[in-house]
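What follows is the content of my_file.txt (compact mmCIF, C-alpha atoms).
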```
# COMPACT_ATOMS: atom_id res chain seq x y z
CA MET A 1 19.00 4.96 -36.81
CA SER A 2 21.52 6.62 -39.13
CA ASP A 3 19.27 9.64 -39.72
CA LYS A 4 19.20 10.40 -35.98
CA PRO A 5 21.82 12.61 -34.39
CA ALA A 6 24.42 10.63 -32.45
CA THR A 7 23.81 12.72 -29.36
CA ALA A 8 20.29 13.65 -28.31
CA LYS A 9 19.45 17.32 -27.76
CA VAL A 10 17.31 16.49 -24.74
CA LYS A 11 19.26 14.48 -22.21
CA GLY A 12 17.78 11.78 -20.10
CA THR A 13 18.62 8.70 -18.15
CA VAL A 14 16.95 5.52 -16.96
CA SER A 15 16.81 3.80 -13.59
CA VAL A 16 16.67 0.02 -13.58
CA LYS A 17 15.80 -2.27 -10.71
CA PRO A 18 17.42 -5.51 -11.94
CA GLU A 19 15.92 -7.78 -9.27
CA VAL A 20 12.30 -7.36 -10.46
CA CYS A 21 13.08 -7.57 -14.20
CA LYS A 22 11.83 -10.65 -16.06
CA GLY A 23 13.77 -9.96 -19.25
CA CYS A 24 10.75 -9.50 -21.56
CA ALA A 25 12.73 -6.97 -23.68
CA TYR A 26 9.79 -4.59 -24.24
CA CYS A 27 11.95 -1.64 -23.18
CA ILE A 28 14.88 -2.66 -25.38
CA GLU A 29 12.70 -3.31 -28.42
CA PHE A 30 10.56 -0.18 -28.23
CA CYS A 31 13.16 2.37 -27.11
CA PRO A 32 12.81 5.09 -29.77
CA THR A 33 16.56 5.81 -29.75
CA LYS A 34 17.70 2.19 -29.20
CA SER A 35 19.69 3.24 -26.16
CA LEU A 36 19.08 0.08 -24.14
CA GLU A 37 20.65 -3.35 -24.35
CA PHE A 38 20.55 -6.60 -22.39
CA SER A 39 23.09 -6.87 -19.59
CA GLN A 40 25.86 -9.43 -19.70
CA SER A 41 25.12 -10.52 -16.14
CA PHE A 42 22.01 -12.21 -14.72
CA ASN A 43 19.76 -11.13 -11.89
CA ARG A 44 18.92 -13.47 -9.02
CA LYS A 45 16.14 -15.17 -11.02
CA GLY A 46 18.40 -15.77 -14.02
CA TYR A 47 17.12 -13.08 -16.36
CA HIS A 48 19.21 -10.60 -18.31
CA TYR A 49 18.03 -7.10 -17.45
CA PRO A 50 18.31 -3.92 -19.52
CA VAL A 51 21.23 -1.52 -19.19
CA LEU A 52 21.67 1.93 -20.68
CA ALA A 53 24.29 1.05 -23.28
CA ARG A 54 24.25 4.42 -25.06
CA PRO A 55 23.55 7.11 -22.42
CA GLU A 56 24.37 9.89 -24.91
CA THR A 57 21.29 9.08 -27.04
CA CYS A 58 18.76 8.66 -24.19
CA THR A 59 16.15 11.43 -24.16
CA GLY A 60 14.41 10.34 -20.96
CA CYS A 61 11.09 9.90 -22.80
CA ASP A 62 10.01 7.21 -20.32
CA LEU A 63 8.51 4.96 -23.01
CA CYS A 64 10.51 2.10 -21.45
CA GLY A 65 8.86 2.94 -18.14
CA VAL A 66 5.33 2.85 -19.56
CA HIS A 67 5.97 -0.39 -21.43
CA CYS A 68 7.56 -2.23 -18.50
CA PRO A 69 5.15 -4.89 -17.14
CA ASP A 70 7.25 -5.36 -14.01
CA PHE A 71 7.80 -1.69 -13.01
CA ALA A 72 11.54 -2.37 -13.17
CA ILE A 73 12.64 0.58 -15.33
CA PHE A 74 11.72 4.19 -15.87
CA GLY A 75 13.24 7.11 -17.69
CA ARG A 76 13.49 10.74 -16.68
CA ARG A 77 14.81 13.95 -18.12
CA LEU A 78 18.08 15.22 -16.73
CA LYS A 79 18.14 18.69 -15.24
CA PRO A 80 20.50 21.13 -17.01
CA GLY A 81 24.05 20.36 -15.93
CA GLU A 82 23.10 17.08 -14.23
CA LYS A 83 25.18 14.03 -15.08
CA ALA A 84 23.51 10.67 -15.65
CA MET B 1 -4.69 3.19 1.20
CA SER B 2 -3.25 6.57 0.31
CA GLN B 3 0.45 7.18 0.12
CA GLU B 4 0.43 9.14 3.36
CA ALA B 5 -1.46 6.35 5.08
CA LEU B 6 1.04 3.84 3.73
CA GLU B 7 3.94 5.86 5.04
CA GLY B 8 2.13 6.35 8.30
CA ALA B 9 1.75 2.58 8.61
CA GLY B 10 5.53 2.22 8.44
CA CYS B 11 5.68 0.81 4.91
CA ALA B 12 8.59 1.98 2.85
CA VAL B 13 7.51 3.87 -0.26
CA GLU B 14 10.04 4.04 -3.02
CA SER B 15 9.35 7.37 -4.59
CA ASP B 16 11.75 6.90 -7.48
CA ASN B 17 9.52 5.06 -9.96
CA PRO B 18 6.47 7.27 -10.54
CA VAL B 19 4.02 4.33 -10.57
CA LEU B 20 5.15 2.68 -7.34
CA PRO B 21 2.87 4.75 -5.05
CA PHE B 22 -0.09 3.25 -6.94
CA LEU B 23 1.01 -0.34 -6.31
CA ARG B 24 1.15 -2.56 -3.25
CA GLN B 25 4.87 -2.93 -3.27
CA ASP B 26 4.92 -5.64 -0.62
CA ARG B 27 3.16 -7.92 -3.16
CA LEU B 28 5.61 -7.31 -5.99
CA PRO B 29 7.06 -8.88 -8.08
CA HIS B 30 3.77 -10.08 -9.51
CA ILE B 31 3.00 -13.58 -10.78
CA TRP B 32 2.58 -12.73 -14.47
CA CYS B 33 4.86 -14.48 -16.96
CA PRO B 34 7.75 -12.73 -18.72
CA GLY B 35 6.30 -10.98 -21.76
CA CYS B 36 2.73 -10.93 -20.43
CA GLY B 37 0.93 -7.71 -21.34
CA ILE B 38 -1.19 -7.42 -18.19
CA GLY B 39 1.61 -5.68 -16.29
CA THR B 40 1.85 -3.07 -19.02
CA THR B 41 -1.88 -2.34 -18.78
CA VAL B 42 -1.48 -1.94 -15.01
CA ASN B 43 1.40 0.43 -15.66
CA CYS B 44 -0.88 2.45 -17.98
CA PHE B 45 -3.67 2.40 -15.39
CA ALA B 46 -1.30 3.70 -12.71
CA ARG B 47 -0.27 6.51 -15.03
CA ALA B 48 -3.91 7.28 -15.81
CA LEU B 49 -4.60 7.51 -12.06
CA GLN B 50 -1.59 9.77 -11.67
CA ASP B 51 -2.67 12.04 -14.54
CA SER B 52 -6.29 12.16 -13.43
CA GLY B 53 -5.21 13.59 -10.07
CA MET B 54 -7.88 11.55 -8.27
CA LYS B 55 -7.31 10.73 -4.64
CA LEU B 56 -6.60 7.03 -4.22
CA ASP B 57 -9.30 6.86 -1.55
CA ASP B 58 -11.93 7.90 -4.11
CA VAL B 59 -11.25 5.00 -6.45
CA ALA B 60 -12.04 1.34 -5.92
CA ILE B 61 -11.02 -1.54 -8.11
CA VAL B 62 -12.88 -4.82 -8.48
CA SER B 63 -11.73 -7.81 -10.45
CA GLY B 64 -12.84 -11.35 -11.13
CA ILE B 65 -10.83 -14.53 -11.43
CA GLY B 66 -7.94 -15.24 -13.74
CA CYS B 67 -4.59 -13.77 -14.54
CA THR B 68 -6.12 -10.30 -14.96
CA GLY B 69 -8.14 -10.87 -11.81
CA ARG B 70 -4.90 -10.52 -9.88
CA VAL B 71 -4.75 -6.81 -10.72
CA ALA B 72 -7.01 -5.83 -7.82
CA GLY B 73 -4.51 -7.35 -5.42
CA TYR B 74 -1.60 -5.34 -6.78
CA MET B 75 -3.18 -1.88 -6.91
CA ASN B 76 -2.80 0.38 -3.89
CA LEU B 77 -6.55 1.10 -3.91
CA ASP B 78 -9.53 -0.24 -2.03
CA SER B 79 -10.01 -3.44 -3.93
CA PHE B 80 -11.99 -6.65 -4.04
CA HIS B 81 -11.20 -9.90 -5.78
CA THR B 82 -14.62 -11.41 -6.47
CA THR B 83 -15.78 -14.81 -7.63
CA HIS B 84 -15.50 -15.79 -11.28
CA GLY B 85 -17.35 -13.42 -13.58
CA ARG B 86 -19.05 -11.50 -10.78
CA ALA B 87 -16.84 -8.41 -10.79
CA ILE B 88 -19.53 -6.24 -12.39
CA PRO B 89 -22.36 -7.20 -9.96
CA PHE B 90 -20.06 -6.54 -7.01
CA ALA B 91 -18.96 -3.24 -8.52
CA THR B 92 -22.60 -2.29 -9.16
CA GLY B 93 -23.41 -2.85 -5.50
CA LEU B 94 -20.34 -0.91 -4.42
CA LYS B 95 -21.24 2.00 -6.68
CA LEU B 96 -24.85 2.13 -5.48
CA ALA B 97 -23.86 1.87 -1.82
CA ASN B 98 -21.33 4.68 -2.18
CA PRO B 99 -22.19 6.73 -5.30
CA LYS B 100 -19.28 9.11 -4.72
CA LEU B 101 -16.79 6.32 -5.40
CA LYS B 102 -15.29 5.80 -8.85
CA VAL B 103 -15.47 2.06 -9.34
CA VAL B 104 -13.18 0.35 -11.83
CA VAL B 105 -13.72 -3.22 -12.99
CA TYR B 106 -10.51 -4.80 -14.23
CA SER B 107 -10.94 -8.22 -15.72
CA GLY B 108 -9.95 -10.58 -18.45
CA ASP B 109 -11.90 -11.41 -21.59
CA GLY B 110 -13.02 -14.84 -20.36
CA ASP B 111 -14.12 -13.58 -16.97
CA LEU B 112 -15.97 -10.59 -18.40
CA SER B 113 -17.52 -11.93 -21.58
CA ALA B 114 -18.06 -15.64 -20.87
CA ILE B 115 -18.65 -16.30 -17.19
CA GLY B 116 -19.81 -12.75 -16.54
CA GLY B 117 -21.22 -12.04 -19.99
CA ASN B 118 -24.76 -11.53 -18.78
CA HIS B 119 -23.68 -9.07 -16.09
CA PHE B 120 -21.62 -7.21 -18.65
CA ILE B 121 -24.48 -6.63 -21.11
CA HIS B 122 -26.91 -5.61 -18.39
CA ALA B 123 -24.52 -3.16 -16.73
CA ALA B 124 -23.97 -1.58 -20.15
CA ARG B 125 -27.72 -1.54 -20.82
CA ARG B 126 -28.40 0.19 -17.49
CA ASN B 127 -25.47 2.54 -18.05
CA MET B 128 -24.13 1.79 -14.61
CA ASP B 129 -21.43 4.33 -13.74
CA LEU B 130 -18.43 1.95 -13.96
CA MET B 131 -15.19 1.92 -15.86
CA VAL B 132 -14.57 -1.55 -17.24
CA VAL B 133 -11.09 -2.49 -18.43
CA CYS B 134 -11.02 -5.77 -20.32
CA VAL B 135 -7.59 -7.25 -20.94
CA THR B 136 -8.10 -9.44 -24.01
CA ASN B 137 -5.46 -12.12 -24.44
CA HIS B 138 -7.78 -14.48 -26.39
CA THR B 139 -7.40 -17.35 -23.93
CA TYR B 140 -7.92 -18.54 -20.37
CA GLY B 141 -4.38 -18.07 -19.18
CA MET B 142 -4.56 -19.22 -15.58
CA THR B 143 -6.31 -22.53 -16.20
CA GLY B 144 -4.21 -23.77 -19.10
CA GLY B 145 -5.20 -22.12 -22.37
CA GLN B 146 -8.81 -23.12 -23.00
CA THR B 147 -10.83 -21.53 -25.82
CA ALA B 148 -12.28 -18.20 -24.76
CA PRO B 149 -15.23 -16.38 -26.39
CA THR B 150 -12.70 -14.00 -27.92
CA THR B 151 -10.38 -16.66 -29.39
CA PRO B 152 -10.17 -15.87 -33.11
CA GLN B 153 -11.18 -18.48 -35.65
CA GLY B 154 -8.24 -20.66 -36.66
CA ALA B 155 -6.29 -20.25 -33.43
CA THR B 156 -5.26 -23.47 -31.71
CA GLN B 157 -6.10 -23.87 -28.03
CA THR B 158 -5.97 -26.68 -25.50
CA THR B 159 -9.67 -27.39 -25.99
CA MET B 160 -9.52 -26.75 -29.76
CA PRO B 161 -6.41 -28.72 -30.79
CA TYR B 162 -7.30 -28.57 -34.49
CA GLY B 163 -8.07 -24.86 -34.50
CA ASN B 164 -11.00 -22.85 -33.23
CA PHE B 165 -14.09 -22.91 -35.47
CA GLU B 166 -16.37 -20.81 -33.25
CA ASN B 167 -17.24 -17.25 -34.10
CA PRO B 168 -15.56 -14.94 -31.55
CA PHE B 169 -17.11 -11.99 -29.76
CA ASN B 170 -16.48 -8.50 -31.05
CA LEU B 171 -16.44 -6.91 -27.60
CA PRO B 172 -16.51 -3.20 -28.60
CA PHE B 173 -19.54 -3.95 -30.80
CA LEU B 174 -21.24 -5.80 -27.95
CA ALA B 175 -20.60 -2.94 -25.52
CA ASP B 176 -21.74 -0.35 -28.07
CA ALA B 177 -24.92 -2.26 -28.93
CA CYS B 178 -25.78 -2.63 -25.24
CA GLY B 179 -25.44 1.11 -24.68
CA ALA B 180 -22.00 1.82 -23.26
CA VAL B 181 -21.19 5.54 -23.37
CA TYR B 182 -17.46 5.15 -23.93
CA VAL B 183 -15.91 2.35 -25.96
CA ALA B 184 -12.24 2.19 -26.90
CA ARG B 185 -9.75 -0.46 -27.89
CA TRP B 186 -5.97 -0.20 -27.69
CA THR B 187 -3.18 -2.71 -27.64
CA VAL B 188 -0.30 -3.02 -25.21
CA TYR B 189 1.88 -1.49 -27.90
CA HIS B 190 -0.17 1.77 -27.78
CA VAL B 191 0.75 2.52 -24.17
CA ARG B 192 0.28 6.27 -24.26
CA HIS B 193 -3.10 5.97 -25.99
CA LEU B 194 -4.18 3.31 -23.53
CA ALA B 195 -3.21 5.47 -20.55
CA ARG B 196 -5.10 8.42 -22.06
CA ALA B 197 -8.19 6.24 -22.71
CA MET B 198 -8.11 5.06 -19.09
CA LYS B 199 -7.85 8.66 -17.91
CA GLU B 200 -10.87 9.57 -20.05
CA GLY B 201 -12.70 6.52 -18.75
CA LEU B 202 -12.03 7.60 -15.16
CA ALA B 203 -13.49 11.03 -15.93
CA LYS B 204 -16.47 9.70 -17.89
CA LYS B 205 -19.85 9.36 -16.21
CA GLY B 206 -21.53 6.13 -17.21
CA PHE B 207 -20.47 2.73 -18.46
CA SER B 208 -17.09 3.08 -20.13
CA PHE B 209 -15.49 0.06 -21.72
CA ILE B 210 -11.81 -0.14 -22.65
CA GLU B 211 -10.47 -3.24 -24.35
CA ALA B 212 -6.70 -3.71 -24.09
CA LEU B 213 -5.22 -6.37 -26.35
CA ALA B 214 -2.36 -8.10 -24.55
CA PRO B 215 -0.11 -11.01 -25.47
CA CYS B 216 -0.16 -14.30 -23.59
CA PRO B 217 3.24 -15.71 -24.51
CA THR B 218 2.99 -18.80 -22.33
CA LEU B 219 -0.26 -20.25 -23.69
CA TYR B 220 -1.79 -18.43 -26.64
CA SER B 221 1.42 -17.46 -28.46
CA ARG B 222 3.33 -20.65 -27.70
CA ARG B 223 0.49 -22.94 -28.77
CA ASN B 224 0.05 -20.98 -32.00
CA LYS B 225 3.80 -20.64 -32.60
CA LEU B 226 3.67 -16.85 -32.53
CA GLY B 227 6.88 -16.21 -30.63
CA ASP B 228 7.26 -14.32 -27.38
CA GLY B 229 5.66 -11.15 -26.07
CA VAL B 230 7.87 -8.86 -28.13
CA GLU B 231 6.86 -10.70 -31.34
CA GLN B 232 3.18 -10.08 -30.51
CA LEU B 233 3.85 -6.41 -29.84
CA LYS B 234 5.61 -6.18 -33.20
CA TYR B 235 2.49 -7.72 -34.76
CA TYR B 236 0.31 -5.13 -32.99
CA LYS B 237 2.59 -2.41 -34.27
CA ALA B 238 2.54 -3.68 -37.86
CA LYS B 239 -1.16 -4.54 -38.19
CA SER B 240 -2.93 -1.88 -36.09
CA THR B 241 -4.75 1.01 -37.67
CA ILE B 242 -6.00 3.88 -35.53
CA LYS B 243 -9.57 4.74 -36.53
CA ASN B 244 -11.24 6.95 -33.95
CA GLY B 245 -15.01 6.87 -34.30
CA ALA B 246 -14.95 3.71 -36.41
CA ASP B 247 -18.17 1.71 -36.67
CA THR B 248 -17.81 -0.97 -34.00
CA LYS B 249 -19.49 -3.45 -36.38
CA ASP B 250 -16.29 -3.45 -38.43
CA VAL B 251 -13.73 -3.85 -35.65
CA GLY B 252 -13.90 -7.64 -35.20
CA LEU B 253 -10.60 -9.47 -34.75
CA THR B 254 -9.24 -12.27 -36.89
CA PHE B 255 -6.30 -14.59 -36.22
CA GLN B 256 -3.14 -12.47 -36.68
CA GLY B 257 -5.15 -10.18 -38.97
CA ASP B 258 -5.63 -6.43 -39.05
CA ILE B 259 -6.56 -4.71 -35.79
CA ILE B 260 -8.59 -1.54 -35.69
CA VAL B 261 -7.86 0.46 -32.55
CA GLY B 262 -9.13 3.79 -31.33
CA LYS B 263 -11.88 5.51 -29.42
CA PHE B 264 -15.02 4.18 -31.07
CA VAL B 265 -17.85 5.61 -28.97
CA ASP B 266 -18.04 8.69 -26.75
CA ARG B 267 -21.62 9.78 -26.06
CA GLU B 268 -23.84 10.95 -23.22
CA ARG B 269 -26.70 8.98 -21.67
CA PRO B 270 -28.28 9.25 -18.22
CA THR B 271 -26.73 6.77 -15.81
CA TRP B 272 -28.82 4.27 -13.88
CA LEU B 273 -28.86 6.47 -10.76
CA ASP B 274 -29.79 9.58 -12.78
CA SER B 275 -32.62 7.67 -14.47
CA MET B 276 -33.93 6.35 -11.16
CA ASN B 277 -33.76 9.74 -9.48
CA GLY B 278 -35.40 11.47 -12.43
CA HIS B 279 -38.17 8.91 -12.73
CA LEU B 280 -39.03 8.64 -9.03
CA THR B 281 -38.94 12.43 -8.60
CA LYS B 282 -41.56 12.59 -11.36
CA VAL B 283 -43.71 9.79 -9.92
CA PHE B 284 -43.52 11.04 -6.29
CA PRO B 285 -43.28 14.83 -6.60
CA GLY B 286 -42.09 16.44 -3.37
CA LYS B 287 -41.79 13.11 -1.53
CA PHE B 288 -38.70 11.57 -3.06
CA THR B 289 -35.17 12.64 -2.09
CA PRO B 290 -32.77 11.95 -4.93
CA TYR B 291 -30.17 9.38 -3.89
CA GLY B 292 -26.47 9.89 -4.25
CA SER B 293 -26.39 13.37 -5.71
```
Could you spell out this file's structure in structure tokens?
Amino acid sequence: MSDKPATAKVKGTVSVKPEVCKGCAYCIEFCPTKSLEFSQSFNRKGYHYPVLARPETCTGCDLCGVHCPDFAIFGRRLKPGEKA
Amino acid sequence: MSQEALEGAGCAVESDNPVLPFLRQDRLPHIWCPGCGIGTTVNCFARALQDSGMKLDDVAIVSGIGCTGRVAGYMNLDSFHTTHGRAIPFATGLKLANPKLKVVVYSGDGDLSAIGGNHFIHAARRNMDLMVVCVTNHTYGMTGGQTAPTTPQGATQTTMPYGNFENPFNLPFLADACGAVYVARWTVYHVRHLARAMKEGLAKKGFSFIEALAPCPTLYSRRNKLGDGVEQLKYYKAKSTIKNGADTKDVGLTFQGDIIVGKFVDRERPTWLDSMNGHLTKVFPGKFTPYGS
């Protein structure tokens, strides 16, 4: 991702519901800006869930949300001036 | 149940995730395995419903038996979980009893093309006004990985331990040949395309058929040593070619081979109800009241 700017022009964030995640990694693998990573901790069922490791690159495109089979994550655009 | 009705009934509706109002949240999390693609197709379907702007009371979903058959139980729509392979006959009856309803059949490849294969071809022949979503994972997931009519040649299954030697169905070709008015195939990797195809299918009058290729990491992928769900999605990404309007004769699937995806057929034909109304109005002039229009 070296050709991408370090900070995205359009800012976004994701919301994760760790308890329903099954750790399939679709969101992490297919994030266009590679902003997501597995968490260090486990959820109650023993799965690692995604966390927004690089919030500065997230554009809020919601591709993680469409890919998620468990409805555990979704992305949204931040309003101007809003902090993630 | 609509969202208002759900709230009225005292159920908590989490409005944060945009797809949650389309799901029965009291039944989540669902039973599908980690890496299973069925949940992603449901996610796309929820987004198609959202984009279509249809009222949830105007849509009904019917499904058969199997992993994909569980979808009807998770959608916040009027739904029915029928016997094995009989989703299309039930949906036909539902549509004819209440022609204003948009009826969606959501089923797996085995349920739709093996046990319910006859119903499938005849509903397409009659151009019954249904939207049929077929989640193709090339196996019978719920019963232990038996060979399905869509299992590609060379793939190993529980009932074909030395590799499958049967010729698989090319479902878009079958639907096209039987007269479906809308035929598309997408994979779980092409989520935006799949959601758009489902939205078009919801708006289309007549028999629309959407095949969604989805990984089955627990049975199909594990038995064939293909890795987990992400590995299958990477394969879909690498080997898929989008060819809208492609001849459905050429879109057959091979084991881990090239996949042709796209919208193959989009045409107009009178639906079964239109044909019946038109014909009987001609045969009994002045005496017949057209039904359902």
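Of the listed residues B:Gly257, B:Pro270, B:Pro21, B:Gly163, the one whose atoms come nearest to Asn127 of chain B is B:Pro270, with distances taken using all atoms listed in the file.
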Residues of chain A within 8 Å of chain B, counting all atoms listed in the file - could you list those as a list in words? Val20, Lys22, Gly23, Cys24, Ala25, Tyr26, Glu29, Val66, His67, Cys68, Pro69, Asp70, Phe71, Ile73 and Phe74 of chain A
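Atom CA of Cys134 of chain B lies 12.5 Å from atom CA of Gly201 of chain B.
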Atomic separation - atom CA of Glu56 of chain A relative to atom CA of Ile28 of chain A, Å: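 These two atoms are separated by 15.7 Å.
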So which one's closest to Ser113 of chain B, B:Thr143, B:Thr92, B:Thr150, B:Ser240? Using all atoms listed in the file, please. B:Thr150
Counting all atoms listed in the file, which residues come within 6 Å of (-1.1, -16.5, -34.8), with the point read in the file's coordinates, and could you list them as a PyMOL selection string? chain B and resi 224+226+255-256
Can you pull out every residue within 6 Å of Ala180 of chain B, counting all atoms listed in the file, but drop anything in the same chain fewer than 2 positions away, and send it as a PDB file with C-alpha atoms, in the coordinates of the input?
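Contents of the output file out-v8.pdb:
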```
ATOM      1  CA  ALA B 124     -23.970  -1.580 -20.150  1.00  0.00           C
ATOM      2  CA  ALA B 175     -20.600  -2.940 -25.520  1.00  0.00           C
ATOM      3  CA  ASP B 176     -21.740  -0.350 -28.070  1.00  0.00           C
ATOM      4  CA  TYR B 182     -17.460   5.150 -23.930  1.00  0.00           C
ATOM      5  CA  PHE B 207     -20.470   2.730 -18.460  1.00  0.00           C
ATOM      6  CA  SER B 208     -17.090   3.080 -20.130  1.00  0.00           C
TER       7      SER B 208
END
```
Quick one: residues within 6 Å of segment 59-71 of chain B, only C-alpha atoms, excluding same-chain residues fewer than 2 positions away - as a PyMOL selection string? chain B and resi 56-57+73-74+77-85+87+101-108+142
Report as a PyMOL selection string all protein, DNA and RNA residues lying within 12 Å of Gln40 of chain A, evaluated on all atoms listed in the file, omitting residues in the same chain fewer than 5 positions from it. chain A and resi 46-51+53
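Counting from atom CA of Ile210 of chain B, the distance to atom CA of Ala197 of chain B is 7.3 Å.
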